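Report on the following structure.
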Amino acid sequence: MGGLPLPALGLFALAYSGLVLFALAHALKRAYPPRRAAWSAFGLSAAVHGGTVFLAEPERWVPLTLFWLVPHLLILPLLLLAARRQAGGQ
């Protein structure tokens, strides 16, 4: 069978999602206020990752969607908290 064990795969997905969302939100802060940058980063990442799921076979769409969606939803509150702290500090 091979591959990563499920807990390691979950940690990878969580770390990847955090890196993508925080880096994208940081880049978007140059154009938008922190809260809007956070939501824009989430929307952009969701659109890109959601769209790439359909490149796989149809029977893998649900597992692949869950693979990116669950970690993104877990990171979103942290991203919004960081945005609120940044907006309050300005």
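Please note that chains go A, B, ... in the order of the structure tokens, that every chain numbers its residues from 1, and that ligands are numbered from 1 in the order shown.
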Long-range neighbours of region 19-34 of chain A as a PyMOL selection string, 7 Å cut-off, only C-alpha atoms, 6 positions minimum in chain
chain A and resi 41-42+79+83+86-87
Serialized selection, N, CA and C atoms, as a PDB file, in the first residue's frame:
ATOM      1  N   ALA A  41      -7.867  35.859   0.508  1.00  0.00           N
ATOM      2  CA  ALA A  41      -6.921  34.740   0.436  1.00  0.00           C
ATOM      3  C   ALA A  41      -7.660  33.418   0.531  1.00  0.00           C
ATOM      4  N   PHE A  42      -8.628  33.338   1.449  1.00  0.00           N
ATOM      5  CA  PHE A  42      -9.407  32.103   1.580  1.00  0.00           C
ATOM      6  C   PHE A  42     -10.193  31.824   0.303  1.00  0.00           C
ATOM      7  N   LEU A  79      -6.558  32.871  10.892  1.00  0.00           N
ATOM      8  CA  LEU A  79      -6.263  33.920   9.913  1.00  0.00           C
ATOM      9  C   LEU A  79      -7.087  35.171  10.205  1.00  0.00           C
ATOM     10  N   ALA A  83      -5.882  38.882  11.452  1.00  0.00           N
ATOM     11  CA  ALA A  83      -6.322  40.083  10.716  1.00  0.00           C
ATOM     12  C   ALA A  83      -6.945  41.103  11.673  1.00  0.00           C
ATOM     13  N   GLN A  86      -4.174  42.788  13.607  1.00  0.00           N
ATOM     14  CA  GLN A  86      -3.437  43.731  12.777  1.00  0.00           C
ATOM     15  C   GLN A  86      -4.246  45.002  12.539  1.00  0.00           C
ATOM     16  N   ALA A  87      -5.537  44.849  12.314  1.00  0.00           N
ATOM     17  CA  ALA A  87      -6.383  46.018  12.077  1.00  0.00           C
ATOM     18  C   ALA A  87      -6.503  46.862  13.348  1.00  0.00           C
TER      19      ALA A  87
END
Residues within 9 Å of region 55-68 of chain A, only C-alpha atoms, excluding chain neighbours under 5 positions, as a PyMOL selection string:
chain A and resi 9-10+13-14+17+46+49-50+73
So that I can check the secondary structure, give me every residue of region 4-67 of chain A assigned helix (DSSP H, G or I) by backbone DSSP, as an MDAnalysis selection string.
chainID A and resid 6:28 34:53 58:67
Print the selection's residues with N, CA and C atoms to a file, as a short mmCIF file (atom, residue, chain, number, x, y, z; two decimals), in the first residue's frame.
data_model
loop_
_atom_site.label_atom_id
_atom_site.label_comp_id
_atom_site.auth_asym_id
_atom_site.auth_seq_id
_atom_site.Cartn_x
_atom_site.Cartn_y
_atom_site.Cartn_z
N LEU A 6 -2.23 8.27 7.67
CA LEU A 6 -3.28 9.30 7.69
C LEU A 6 -2.96 10.48 8.61
N PRO A 7 -2.46 10.27 9.85
CA PRO A 7 -2.13 11.44 10.68
C PRO A 7 -1.04 12.33 10.07
N ALA A 8 -0.04 11.73 9.46
CA ALA A 8 1.01 12.51 8.82
C ALA A 8 0.47 13.28 7.62
N LEU A 9 -0.41 12.65 6.88
CA LEU A 9 -1.04 13.30 5.74
C LEU A 9 -1.89 14.48 6.19
N GLY A 10 -2.62 14.31 7.30
CA GLY A 10 -3.42 15.39 7.86
C GLY A 10 -2.57 16.56 8.34
N LEU A 11 -1.46 16.27 8.98
CA LEU A 11 -0.55 17.34 9.42
C LEU A 11 0.06 18.08 8.23
N PHE A 12 0.39 17.35 7.19
CA PHE A 12 0.90 17.98 5.98
C PHE A 12 -0.14 18.92 5.38
N ALA A 13 -1.38 18.47 5.29
CA ALA A 13 -2.45 19.29 4.73
C ALA A 13 -2.68 20.54 5.57
N LEU A 14 -2.63 20.40 6.88
CA LEU A 14 -2.82 21.54 7.77
C LEU A 14 -1.68 22.54 7.64
N ALA A 15 -0.45 22.05 7.60
CA ALA A 15 0.71 22.94 7.45
C ALA A 15 0.69 23.63 6.09
N TYR A 16 0.36 22.90 5.05
CA TYR A 16 0.31 23.48 3.70
C TYR A 16 -0.77 24.56 3.62
N SER A 17 -1.93 24.27 4.19
CA SER A 17 -3.03 25.24 4.16
C SER A 17 -2.65 26.51 4.92
N GLY A 18 -2.03 26.33 6.08
CA GLY A 18 -1.60 27.49 6.86
C GLY A 18 -0.59 28.33 6.11
N LEU A 19 0.37 27.69 5.49
CA LEU A 19 1.39 28.41 4.73
C LEU A 19 0.77 29.17 3.56
N VAL A 20 -0.10 28.50 2.82
CA VAL A 20 -0.73 29.13 1.66
C VAL A 20 -1.60 30.31 2.08
N LEU A 21 -2.46 30.10 3.06
CA LEU A 21 -3.39 31.16 3.45
C LEU A 21 -2.68 32.36 4.07
N PHE A 22 -1.75 32.13 4.97
CA PHE A 22 -1.06 33.26 5.60
C PHE A 22 -0.17 34.01 4.61
N ALA A 23 0.52 33.29 3.74
CA ALA A 23 1.37 33.95 2.74
C ALA A 23 0.53 34.76 1.75
N LEU A 24 -0.56 34.19 1.31
CA LEU A 24 -1.44 34.88 0.37
C LEU A 24 -2.09 36.10 1.02
N ALA A 25 -2.55 35.96 2.26
CA ALA A 25 -3.15 37.09 2.98
C ALA A 25 -2.12 38.19 3.19
N HIS A 26 -0.90 37.80 3.50
CA HIS A 26 0.17 38.79 3.68
C HIS A 26 0.42 39.57 2.38
N ALA A 27 0.43 38.87 1.28
CA ALA A 27 0.65 39.53 -0.01
C ALA A 27 -0.53 40.43 -0.37
N LEU A 28 -1.74 40.01 -0.04
CA LEU A 28 -2.92 40.80 -0.38
C LEU A 28 -3.11 42.02 0.54
N PRO A 34 -6.53 44.25 6.35
CA PRO A 34 -6.22 42.88 6.79
C PRO A 34 -7.40 41.90 6.75
N ARG A 35 -8.57 42.31 7.20
CA ARG A 35 -9.71 41.38 7.21
C ARG A 35 -10.13 41.00 5.79
N ARG A 36 -10.19 41.96 4.91
CA ARG A 36 -10.55 41.67 3.53
C ARG A 36 -9.47 40.83 2.85
N ALA A 37 -8.22 41.09 3.19
CA ALA A 37 -7.12 40.28 2.64
C ALA A 37 -7.25 38.83 3.08
N ALA A 38 -7.64 38.62 4.34
CA ALA A 38 -7.81 37.25 4.85
C ALA A 38 -8.93 36.52 4.10
N TRP A 39 -10.07 37.18 3.96
CA TRP A 39 -11.19 36.55 3.24
C TRP A 39 -10.86 36.35 1.76
N SER A 40 -10.16 37.30 1.17
CA SER A 40 -9.77 37.17 -0.25
C SER A 40 -8.80 36.01 -0.43
N ALA A 41 -7.87 35.86 0.51
CA ALA A 41 -6.92 34.74 0.44
C ALA A 41 -7.66 33.42 0.53
N PHE A 42 -8.63 33.34 1.45
CA PHE A 42 -9.41 32.10 1.58
C PHE A 42 -10.19 31.82 0.30
N GLY A 43 -10.84 32.83 -0.24
CA GLY A 43 -11.63 32.64 -1.46
C GLY A 43 -10.79 32.26 -2.65
N LEU A 44 -9.66 32.92 -2.82
CA LEU A 44 -8.77 32.61 -3.93
C LEU A 44 -8.20 31.19 -3.81
N SER A 45 -7.77 30.85 -2.61
CA SER A 45 -7.23 29.50 -2.40
C SER A 45 -8.31 28.44 -2.59
N ALA A 46 -9.52 28.71 -2.12
CA ALA A 46 -10.61 27.76 -2.29
C ALA A 46 -10.96 27.58 -3.76
N ALA A 47 -10.93 28.66 -4.52
CA ALA A 47 -11.23 28.57 -5.95
C ALA A 47 -10.17 27.74 -6.68
N VAL A 48 -8.92 28.01 -6.38
CA VAL A 48 -7.84 27.28 -7.06
C VAL A 48 -7.82 25.81 -6.65
N HIS A 49 -7.85 25.55 -5.34
CA HIS A 49 -7.80 24.16 -4.88
C HIS A 49 -9.08 23.42 -5.26
N GLY A 50 -10.21 24.09 -5.17
CA GLY A 50 -11.47 23.46 -5.56
C GLY A 50 -11.53 23.13 -7.03
N GLY A 51 -10.96 23.99 -7.86
CA GLY A 51 -10.94 23.75 -9.29
C GLY A 51 -10.02 22.62 -9.70
N THR A 52 -8.89 22.50 -9.02
CA THR A 52 -7.94 21.45 -9.38
C THR A 52 -8.43 20.06 -9.02
N VAL A 53 -9.38 19.98 -8.09
CA VAL A 53 -9.95 18.68 -7.72
C VAL A 53 -10.58 18.00 -8.93
N PRO A 58 -13.49 11.21 -11.17
CA PRO A 58 -14.68 11.60 -10.40
C PRO A 58 -14.82 10.91 -9.04
N GLU A 59 -14.37 9.68 -8.90
CA GLU A 59 -14.50 8.99 -7.61
C GLU A 59 -13.54 9.56 -6.55
N ARG A 60 -12.59 10.37 -6.95
CA ARG A 60 -11.65 10.97 -5.99
C ARG A 60 -12.01 12.41 -5.65
N TRP A 61 -13.07 12.97 -6.24
CA TRP A 61 -13.43 14.36 -6.00
C TRP A 61 -13.74 14.65 -4.54
N VAL A 62 -14.53 13.81 -3.90
CA VAL A 62 -14.91 14.05 -2.50
C VAL A 62 -13.72 13.95 -1.56
N PRO A 63 -12.90 12.87 -1.63
CA PRO A 63 -11.75 12.83 -0.72
C PRO A 63 -10.77 13.97 -0.94
N LEU A 64 -10.54 14.34 -2.20
CA LEU A 64 -9.61 15.44 -2.46
C LEU A 64 -10.17 16.78 -2.00
N THR A 65 -11.48 16.97 -2.13
CA THR A 65 -12.10 18.20 -1.63
C THR A 65 -11.96 18.28 -0.13
N LEU A 66 -12.21 17.19 0.56
CA LEU A 66 -12.05 17.17 2.01
C LEU A 66 -10.60 17.39 2.43
N PHE A 67 -9.66 16.91 1.61
CA PHE A 67 -8.25 17.05 1.91
C PHE A 67 -7.82 18.51 1.99
#
